[in-house]
There are 2 protein chains.
Amino acid sequence: MARPRTPLLSRERIVAAALRLIDDEGLDALSTRRLATELSVSGPSLYNHFATKDDLLDAVVDSVIGEVDLSMFGAAAGAVGDAGAAGSTGSTGGAWPQALRDWARSYRAALAAHPNIVPVLAQGPGRRPNALRLADAVFGHLVESGWPRGQATRIGALMRYFVTGSALASFAAGFPADAEVYDAADYPHLGEAHRLAGHRGTVDEGAFETGLEALLDGLALRYARLAERP
Amino acid sequence: MARPRTPLLSRERIVAAALRLIDDEGLDALSTRRLATELSVSGPSLYNHFATKDDLLDAVVDSVIGEVDLSMFGAAAGAVGDAGAAGSTGSTGGAWPQALRDWARSYRAALAAHPNIVPVLAQGPGRRPNALRLADAVFGHLVESGWPRGQATRIGALMRYFVTGSALASFAAGFPADAEVYDAADYPHLGEAHRLAGHRGTVDEGAFETGLEALLDGLALRYARLAERP
DNA sequence: ACCTGAACACCGTTCAAGT
DNA sequence: ACCTGAACACCGTTCAAGT
């Protein structure tokens, strides 16, 4: 068979299969030949839909970012000259911590569902539309909440540091469950570390929530100082 | 030539060359054949010193972690039953935020010097001695400063999230310097984003410092609450 | 336009052979 | 013990050929 009447592949089908492969077997398991086999086509077929493997990865990454909820940024993310906010900084100012909290949780959930692709995604938005939309929404909301532009940039960055770091890999699962690893002579305080992996979910969730609330508290202190000396 | 009188390779030489290659050309550029060429030997020679490529990567990662300063954790990291601290939690309690600050800066500096290897390193300590020593020192210091063990674990985790996230990739450099990318219709607040890459160093440094201080402030609030209700 | 097989320059790793 | 070349089963990508 050469060209079929209805195409065997589509960008969507390829992206979905690639993400599944990455999730199940890791980034290294994604080869164009393996992916093609998974899709019951020959290797070079993929090049009718993506110029390179990197282009394909970009599409996979942006599909993951597209899962992040941005609705909490409301008017700030959508049309600019909207009803309530209207230029002034005072009225909606109090809402930013809750918006940031909701967004961070959704952001982390989307990434943590696909940890193997986080290293790619962490390289920045590049030219990927969903990633740029996300950056735009966060920055816009912070500025319209009264944060100076320079501070808003830094907050967008530091939130991304924290969220990507937390989704990149499980902290708890990084400690071998084998108790023999933790020789008391070398690591006097890690006597219980072999239990961490077993509590993977709660440890990582607890660390994320503690860090998120600590960050928001720390930022609220700085926000209050903005009003004091304008 | 088969076996030379003095070995051509050593683990140290291989690790150093591998790290240089990763730094200069990225993780994908590290192939055993390419690395062997760089070291003027044939590909399979490396297998006399490392069982697999993953083993070699482990050694590279641990050499990077070995650069992190842990001296601020002082007695807590070294011998346990030392002079001053002596079991009680009150006296040295106030020192933990400064120790955490100094450590986080050294940790980030060590990782940010080799961003291309951070994804590997973020998988956790595994069985790498320097990574386990680091985890031991942080956890031990927090516990001896009066933090409950569960909280100390979470703080170790969240600090690692933040530091690895900040070292994984430059936030600023992730935004293309090409102004055409930021169509005002799609991204109304990113009109200046094309300048970010040019201020890479200051943006990332500022975001890291802001996030670090916010985290420490937030944690200090929680530490104060520990004393209130014991 | 969209698929195929053949081909090119790569990979990680094993293994027998050399000293 | 430590290096080599040959070999195996893989890669990403190009390209001419098919419909």
# chains A, B, ... in the order shown; residues from 1 in each chain; ligands from 1
call {"tool": "calpha_fit_and_write", "arguments": {"fixed": "chain A", "moving": "chain B", "output": "mmCIF file with C-alpha atoms, in the first residue's frame"}}
result
data_model
loop_
_atom_site.group_PDB
_atom_site.id
_atom_site.type_symbol
_atom_site.label_atom_id
_atom_site.label_comp_id
_atom_site.auth_asym_id
_atom_site.auth_seq_id
_atom_site.Cartn_x
_atom_site.Cartn_y
_atom_site.Cartn_z
ATOM 1 C CA MET B 1 -0.035 0.083 -0.034
ATOM 2 C CA ALA B 2 1.120 3.612 -0.732
ATOM 3 C CA ARG B 3 -1.312 6.451 -0.068
ATOM 4 C CA PRO B 4 -4.635 5.302 1.423
ATOM 5 C CA ARG B 5 -7.944 7.059 0.583
ATOM 6 C CA THR B 6 -8.463 8.173 4.172
ATOM 7 C CA PRO B 7 -5.197 9.091 5.932
ATOM 8 C CA LEU B 8 -3.927 6.544 8.435
ATOM 9 C CA LEU B 9 -2.440 9.212 10.677
ATOM 10 C CA SER B 10 -3.251 12.639 12.034
ATOM 11 C CA ARG B 11 -1.263 14.973 14.264
ATOM 12 C CA GLU B 12 -3.729 14.331 17.072
ATOM 13 C CA ARG B 13 -3.395 10.543 16.882
ATOM 14 C CA ILE B 14 0.384 10.771 16.772
ATOM 15 C CA VAL B 15 0.552 13.159 19.739
ATOM 16 C CA ALA B 16 -1.768 10.974 21.816
ATOM 17 C CA ALA B 17 0.229 7.823 21.100
ATOM 18 C CA ALA B 18 3.520 9.604 21.821
ATOM 19 C CA LEU B 19 2.275 10.880 25.179
ATOM 20 C CA ARG B 20 1.056 7.404 26.115
ATOM 21 C CA LEU B 21 4.453 5.934 25.271
ATOM 22 C CA ILE B 22 6.293 8.613 27.263
ATOM 23 C CA ASP B 23 4.003 8.140 30.252
ATOM 24 C CA ASP B 24 4.274 4.367 30.212
ATOM 25 C CA GLU B 25 7.937 3.862 29.395
ATOM 26 C CA GLY B 26 9.738 7.174 29.677
ATOM 27 C CA LEU B 27 11.104 9.782 27.333
ATOM 28 C CA ASP B 28 13.864 7.477 26.077
ATOM 29 C CA ALA B 29 11.281 4.933 24.921
ATOM 30 C CA LEU B 30 9.884 7.415 22.419
ATOM 31 C CA SER B 31 11.587 6.645 19.149
ATOM 32 C CA THR B 32 10.053 7.483 15.821
ATOM 33 C CA ARG B 33 10.289 3.839 14.765
ATOM 34 C CA ARG B 34 8.731 2.517 17.944
ATOM 35 C CA LEU B 35 5.959 5.119 17.792
ATOM 36 C CA ALA B 36 5.297 4.259 14.153
ATOM 37 C CA THR B 37 4.999 0.568 15.037
ATOM 38 C CA GLU B 38 2.542 1.475 17.786
ATOM 39 C CA LEU B 39 0.487 3.288 15.157
ATOM 40 C CA SER B 40 0.829 0.432 12.641
ATOM 41 C CA VAL B 41 2.696 2.478 10.057
ATOM 42 C CA SER B 42 6.294 2.603 8.918
ATOM 43 C CA GLY B 43 8.792 4.951 10.532
ATOM 44 C CA PRO B 44 9.108 7.635 7.869
ATOM 45 C CA SER B 45 5.316 8.112 7.713
ATOM 46 C CA LEU B 46 5.507 10.400 10.721
ATOM 47 C CA TYR B 47 7.505 12.892 8.680
ATOM 48 C CA ASN B 48 4.412 13.676 6.661
ATOM 49 C CA HIS B 49 2.922 15.226 9.820
ATOM 50 C CA PHE B 50 5.908 16.597 11.746
ATOM 51 C CA ALA B 51 9.131 18.005 10.370
ATOM 52 C CA THR B 52 11.294 16.482 13.113
ATOM 53 C CA LYS B 53 11.002 14.491 16.312
ATOM 54 C CA ASP B 54 11.528 17.739 18.238
ATOM 55 C CA ASP B 55 8.508 19.262 16.519
ATOM 56 C CA LEU B 56 6.460 16.279 17.599
ATOM 57 C CA LEU B 57 7.709 16.637 21.174
ATOM 58 C CA ASP B 58 6.720 20.299 21.090
ATOM 59 C CA ALA B 59 3.183 19.323 20.152
ATOM 60 C CA VAL B 60 3.050 16.734 22.936
ATOM 61 C CA VAL B 61 4.250 19.282 25.472
ATOM 62 C CA ASP B 62 1.744 21.884 24.393
ATOM 63 C CA SER B 63 -1.110 19.394 24.641
ATOM 64 C CA VAL B 64 -0.148 18.814 28.286
ATOM 65 C CA ILE B 65 0.054 22.544 29.031
ATOM 66 C CA GLY B 66 -3.356 22.905 27.415
ATOM 67 C CA GLU B 67 -4.824 20.946 30.332
ATOM 68 C CA VAL B 68 -3.900 23.658 32.834
ATOM 69 C CA ASP B 69 -6.916 25.619 34.060
ATOM 70 C CA LEU B 70 -6.550 29.375 33.534
ATOM 71 C CA SER B 71 -10.174 30.323 34.214
ATOM 72 C CA MET B 72 -9.328 31.701 37.673
ATOM 73 C CA PHE B 73 -7.557 34.581 35.962
ATOM 74 C CA GLY B 74 -10.909 35.482 34.488
ATOM 75 C CA ALA B 75 -11.164 38.812 32.720
ATOM 76 C CA ALA B 76 -7.448 39.357 33.112
ATOM 77 C CA ALA B 77 -6.737 36.429 30.827
ATOM 78 C CA GLY B 78 -9.441 37.109 28.267
ATOM 79 C CA ALA B 79 -10.659 40.425 26.885
ATOM 80 C CA VAL B 80 -8.740 43.308 28.398
ATOM 81 C CA GLY B 81 -11.166 46.207 28.711
ATOM 82 C CA ASP B 82 -13.754 44.090 30.517
ATOM 83 C CA ALA B 83 -16.423 45.032 33.098
ATOM 84 C CA GLY B 84 -15.215 45.035 36.721
ATOM 85 C CA ALA B 85 -11.454 45.349 36.736
ATOM 86 C CA ALA B 86 -11.325 48.470 34.567
ATOM 87 C CA GLY B 87 -7.755 49.632 34.936
ATOM 88 C CA SER B 88 -7.605 50.464 38.639
ATOM 89 C CA THR B 89 -5.598 48.218 40.897
ATOM 90 C CA GLY B 90 -7.436 48.375 44.189
ATOM 91 C CA SER B 91 -10.689 46.464 43.939
ATOM 92 C CA THR B 92 -9.624 43.032 42.716
ATOM 93 C CA GLY B 93 -6.218 43.119 44.421
ATOM 94 C CA GLY B 94 -7.193 40.751 47.193
ATOM 95 C CA ALA B 95 -8.036 37.925 44.819
ATOM 96 C CA TRP B 96 -4.579 37.178 43.452
ATOM 97 C CA PRO B 97 -3.447 34.739 46.178
ATOM 98 C CA GLN B 98 -6.466 32.507 45.646
ATOM 99 C CA ALA B 99 -6.091 32.668 41.873
ATOM 100 C CA LEU B 100 -2.391 31.783 42.178
ATOM 101 C CA ARG B 101 -3.225 28.912 44.542
ATOM 102 C CA ASP B 102 -5.868 27.438 42.238
ATOM 103 C CA TRP B 103 -3.672 27.845 39.206
ATOM 104 C CA ALA B 104 -0.623 26.282 40.868
ATOM 105 C CA ARG B 105 -2.658 23.233 41.868
ATOM 106 C CA SER B 106 -4.066 22.781 38.376
ATOM 107 C CA TYR B 107 -0.638 23.377 36.841
ATOM 108 C CA ARG B 108 0.976 20.787 39.081
ATOM 109 C CA ALA B 109 -1.808 18.268 38.507
ATOM 110 C CA ALA B 110 -1.439 18.567 34.732
ATOM 111 C CA LEU B 111 2.342 18.145 34.903
ATOM 112 C CA ALA B 112 2.456 15.477 37.599
ATOM 113 C CA ALA B 113 0.172 13.349 35.411
ATOM 114 C CA HIS B 114 3.026 13.242 32.882
ATOM 115 C CA PRO B 115 6.274 13.578 34.872
ATOM 116 C CA ASN B 116 8.459 12.084 32.131
ATOM 117 C CA ILE B 117 7.844 15.015 29.846
ATOM 118 C CA VAL B 118 8.424 17.751 32.428
ATOM 119 C CA PRO B 119 12.130 18.207 31.549
ATOM 120 C CA VAL B 120 11.126 19.132 27.987
ATOM 121 C CA LEU B 121 8.351 21.398 29.112
ATOM 122 C CA ALA B 122 10.548 23.170 31.651
ATOM 123 C CA GLN B 123 12.728 24.584 28.894
ATOM 124 C CA GLY B 124 10.229 27.421 28.591
ATOM 125 C CA PRO B 125 7.250 28.373 26.446
ATOM 126 C CA GLY B 126 9.217 28.753 23.238
ATOM 127 C CA ARG B 127 6.676 29.286 20.484
ATOM 128 C CA ARG B 128 4.073 26.924 21.899
ATOM 129 C CA PRO B 129 0.700 28.685 22.007
ATOM 130 C CA ASN B 130 -0.700 27.102 25.174
ATOM 131 C CA ALA B 131 2.492 27.843 27.096
ATOM 132 C CA LEU B 132 2.458 31.472 25.927
ATOM 133 C CA ARG B 133 -1.224 31.783 26.835
ATOM 134 C CA LEU B 134 -0.407 30.511 30.318
ATOM 135 C CA ALA B 135 2.437 32.991 30.801
ATOM 136 C CA ASP B 136 0.231 35.783 29.499
ATOM 137 C CA ALA B 137 -2.622 34.959 31.865
ATOM 138 C CA VAL B 138 -0.478 34.782 35.002
ATOM 139 C CA PHE B 139 1.514 37.910 34.252
ATOM 140 C CA GLY B 140 -1.585 39.854 33.225
ATOM 141 C CA HIS B 141 -3.477 38.912 36.340
ATOM 142 C CA LEU B 142 -0.625 39.871 38.670
ATOM 143 C CA VAL B 143 -0.128 43.240 36.986
ATOM 144 C CA GLU B 144 -3.836 43.999 37.088
ATOM 145 C CA SER B 145 -3.820 43.031 40.760
ATOM 146 C CA GLY B 146 -1.343 45.811 41.461
ATOM 147 C CA TRP B 147 2.019 44.056 41.288
ATOM 148 C CA PRO B 148 4.728 46.067 39.514
ATOM 149 C CA ARG B 149 5.710 44.467 36.215
ATOM 150 C CA GLY B 150 9.173 43.451 37.380
ATOM 151 C CA GLN B 151 7.778 41.715 40.438
ATOM 152 C CA ALA B 152 5.051 40.059 38.379
ATOM 153 C CA THR B 153 7.708 38.582 36.099
ATOM 154 C CA ARG B 154 9.632 37.236 39.065
ATOM 155 C CA ILE B 155 6.503 35.722 40.606
ATOM 156 C CA GLY B 156 5.630 33.994 37.339
ATOM 157 C CA ALA B 157 9.142 32.602 37.230
ATOM 158 C CA LEU B 158 9.341 31.458 40.832
ATOM 159 C CA MET B 159 5.951 29.796 40.695
ATOM 160 C CA ARG B 160 7.087 27.908 37.625
ATOM 161 C CA TYR B 161 10.280 26.880 39.384
ATOM 162 C CA PHE B 162 8.294 25.444 42.249
ATOM 163 C CA VAL B 163 5.615 23.719 40.188
ATOM 164 C CA THR B 164 7.939 22.168 37.621
ATOM 165 C CA GLY B 165 10.317 21.100 40.375
ATOM 166 C CA SER B 166 7.494 19.403 42.223
ATOM 167 C CA ALA B 167 6.210 17.651 39.099
ATOM 168 C CA LEU B 168 9.597 16.629 37.709
ATOM 169 C CA ALA B 169 9.942 13.648 39.995
ATOM 170 C CA SER B 170 8.558 12.327 43.237
ATOM 171 C CA PHE B 171 10.712 13.351 46.191
ATOM 172 C CA ALA B 172 9.670 10.318 48.210
ATOM 173 C CA ALA B 173 10.131 7.806 45.413
ATOM 174 C CA GLY B 174 13.701 9.029 44.945
ATOM 175 C CA PHE B 175 14.704 7.249 48.153
ATOM 176 C CA PRO B 176 15.265 3.497 47.696
ATOM 177 C CA ALA B 177 12.878 1.338 49.749
ATOM 178 C CA ASP B 178 15.815 -0.905 50.615
ATOM 179 C CA ALA B 179 16.740 -0.212 54.248
ATOM 180 C CA GLU B 180 20.302 -1.438 53.667
ATOM 181 C CA VAL B 181 21.082 1.712 51.702
ATOM 182 C CA TYR B 182 20.942 3.909 54.779
ATOM 183 C CA ASP B 183 24.010 2.947 56.770
ATOM 184 C CA ALA B 184 23.742 4.731 60.125
ATOM 185 C CA ALA B 185 27.451 5.497 60.095
ATOM 186 C CA ASP B 186 27.176 7.432 56.843
ATOM 187 C CA TYR B 187 23.666 8.892 57.149
ATOM 188 C CA PRO B 188 22.737 9.184 60.834
ATOM 189 C CA HIS B 189 19.337 10.809 60.215
ATOM 190 C CA LEU B 190 18.009 8.677 57.367
ATOM 191 C CA GLY B 191 17.080 5.631 59.440
ATOM 192 C CA GLU B 192 13.457 5.869 58.327
ATOM 193 C CA ALA B 193 14.091 7.000 54.768
ATOM 194 C CA HIS B 194 13.363 3.553 53.335
ATOM 195 C CA ARG B 195 9.688 4.089 54.220
ATOM 196 C CA LEU B 196 9.386 7.239 52.131
ATOM 197 C CA ALA B 197 8.705 5.506 48.828
ATOM 198 C CA GLY B 198 5.728 3.727 50.360
ATOM 199 C CA HIS B 199 4.123 7.051 51.276
ATOM 200 C CA ARG B 200 4.963 8.646 47.980
ATOM 201 C CA GLY B 201 1.607 10.288 47.359
ATOM 202 C CA THR B 202 1.079 11.891 50.759
ATOM 203 C CA VAL B 203 4.694 13.022 51.181
ATOM 204 C CA ASP B 204 4.812 14.767 47.814
ATOM 205 C CA GLU B 205 1.343 16.219 48.150
ATOM 206 C CA GLY B 206 2.123 17.497 51.674
ATOM 207 C CA ALA B 207 5.397 19.039 50.561
ATOM 208 C CA PHE B 208 3.744 20.763 47.615
ATOM 209 C CA GLU B 209 0.912 22.191 49.728
ATOM 210 C CA THR B 210 3.277 23.323 52.476
ATOM 211 C CA GLY B 211 5.556 25.002 49.972
ATOM 212 C CA LEU B 212 2.689 26.605 48.091
ATOM 213 C CA GLU B 213 1.153 28.099 51.236
ATOM 214 C CA ALA B 214 4.551 29.266 52.486
ATOM 215 C CA LEU B 215 5.216 30.954 49.158
ATOM 216 C CA LEU B 216 1.813 32.636 49.112
ATOM 217 C CA ASP B 217 2.260 33.846 52.705
ATOM 218 C CA GLY B 218 5.681 35.221 51.853
ATOM 219 C CA LEU B 219 4.352 36.958 48.764
ATOM 220 C CA ALA B 220 1.430 38.420 50.722
ATOM 221 C CA LEU B 221 3.923 40.034 53.100
ATOM 222 C CA ARG B 222 5.603 41.675 50.109
ATOM 223 C CA TYR B 223 2.285 42.736 48.617
ATOM 224 C CA ALA B 224 1.374 44.468 51.876
ATOM 225 C CA ARG B 225 4.677 46.326 51.781
ATOM 226 C CA LEU B 226 3.848 47.649 48.297
ATOM 227 C CA ALA B 227 0.901 49.615 49.737
ATOM 228 C CA GLU B 228 2.963 51.028 52.618
ATOM 229 C CA ARG B 229 5.560 52.750 50.458
ATOM 230 C CA PRO B 230 4.128 53.628 47.055
#
call {"tool": "interface_residues", "arguments": {"of": "chain D", "to": "chain B", "cutoff": "6 Å", "atoms": "only C-alpha atoms (C1' of nucleotides)", "output": "VMD selection string"}}
result
chain D and resid 2 to 4
call {"tool": "write_last_selection", "arguments": {"atoms": "all heavy atoms", "output": "JSON list (two decimals), in the first residue's frame"}}
result
[["chain", "number", "residue", "atom", "x", "y", "z"],
["D", 2, "DC", "P", 42.42, -1.86, 35.30],
["D", 2, "DC", "OP1", 43.16, -0.70, 35.83],
["D", 2, "DC", "OP2", 41.01, -2.10, 35.70],
["D", 2, "DC", "O5'", 42.49, -1.81, 33.72],
["D", 2, "DC", "C5'", 43.69, -1.38, 33.10],
["D", 2, "DC", "C4'", 43.53, -1.46, 31.61],
["D", 2, "DC", "O4'", 43.31, -2.83, 31.22],
["D", 2, "DC", "C3'", 42.34, -0.68, 31.04],
["D", 2, "DC", "O3'", 42.84, 0.17, 30.03],
["D", 2, "DC", "C2'", 41.42, -1.75, 30.49],
["D", 2, "DC", "C1'", 42.42, -2.83, 30.14],
["D", 2, "DC", "N1", 41.90, -4.22, 29.99],
["D", 2, "DC", "C2", 42.32, -5.00, 28.92],
["D", 2, "DC", "O2", 43.13, -4.52, 28.11],
["D", 2, "DC", "N3", 41.84, -6.26, 28.78],
["D", 2, "DC", "C4", 40.98, -6.74, 29.67],
["D", 2, "DC", "N4", 40.55, -7.99, 29.50],
["D", 2, "DC", "C5", 40.54, -5.97, 30.79],
["D", 2, "DC", "C6", 41.02, -4.72, 30.92],
["D", 3, "DC", "P", 41.99, 1.41, 29.51],
["D", 3, "DC", "OP1", 42.80, 2.64, 29.65],
["D", 3, "DC", "OP2", 40.65, 1.35, 30.13],
["D", 3, "DC", "O5'", 41.86, 1.06, 27.96],
["D", 3, "DC", "C5'", 43.00, 1.19, 27.13],
["D", 3, "DC", "C4'", 42.96, 0.19, 26.01],
["D", 3, "DC", "O4'", 42.61, -1.11, 26.54],
["D", 3, "DC", "C3'", 41.90, 0.43, 24.94],
["D", 3, "DC", "O3'", 42.45, 1.21, 23.87],
["D", 3, "DC", "C2'", 41.55, -0.97, 24.45],
["D", 3, "DC", "C1'", 42.22, -1.90, 25.44],
["D", 3, "DC", "N1", 41.30, -2.97, 25.90],
["D", 3, "DC", "C2", 41.24, -4.17, 25.20],
["D", 3, "DC", "O2", 41.95, -4.30, 24.18],
["D", 3, "DC", "N3", 40.41, -5.15, 25.61],
["D", 3, "DC", "C4", 39.66, -4.97, 26.70],
["D", 3, "DC", "N4", 38.86, -5.98, 27.07],
["D", 3, "DC", "C5", 39.69, -3.76, 27.45],
["D", 3, "DC", "C6", 40.52, -2.79, 27.02],
["D", 4, "DT", "P", 41.46, 1.58, 22.66],
["D", 4, "DT", "OP1", 42.17, 2.63, 21.89],
["D", 4, "DT", "OP2", 40.10, 1.84, 23.17],
["D", 4, "DT", "O5'", 41.39, 0.25, 21.79],
["D", 4, "DT", "C5'", 42.55, -0.19, 21.06],
["D", 4, "DT", "C4'", 42.17, -1.40, 20.22],
["D", 4, "DT", "O4'", 41.69, -2.44, 21.11],
["D", 4, "DT", "C3'", 41.02, -1.12, 19.26],
["D", 4, "DT", "O3'", 41.54, -0.89, 17.97],
["D", 4, "DT", "C2'", 40.16, -2.38, 19.30],
["D", 4, "DT", "C1'", 40.72, -3.21, 20.43],
["D", 4, "DT", "N1", 39.72, -3.63, 21.44],
["D", 4, "DT", "C2", 39.21, -4.90, 21.38],
["D", 4, "DT", "O2", 39.52, -5.70, 20.51],
["D", 4, "DT", "N3", 38.30, -5.20, 22.36],
["D", 4, "DT", "C4", 37.86, -4.37, 23.39],
["D", 4, "DT", "O4", 37.05, -4.76, 24.22],
["D", 4, "DT", "C5", 38.43, -3.05, 23.39],
["D", 4, "DT", "C7", 38.03, -2.07, 24.45],
["D", 4, "DT", "C6", 39.32, -2.74, 22.43]]
call {"tool": "select_by_dssp", "arguments": {"residues": "range 61-220 of chain A", "states": "helix (DSSP H, G or I)", "output": "MDAnalysis selection string"}}
result
chainID A and resid 61:65 71:77 93:112 115:121 129:144 149:168 172:174 179:181 193:220
call {"tool": "atom_distance", "arguments": {"atom1": "C1' of DC10 in chain C", "atom2": "C1' of DC8 in chain D"}}
result
14.6 Å
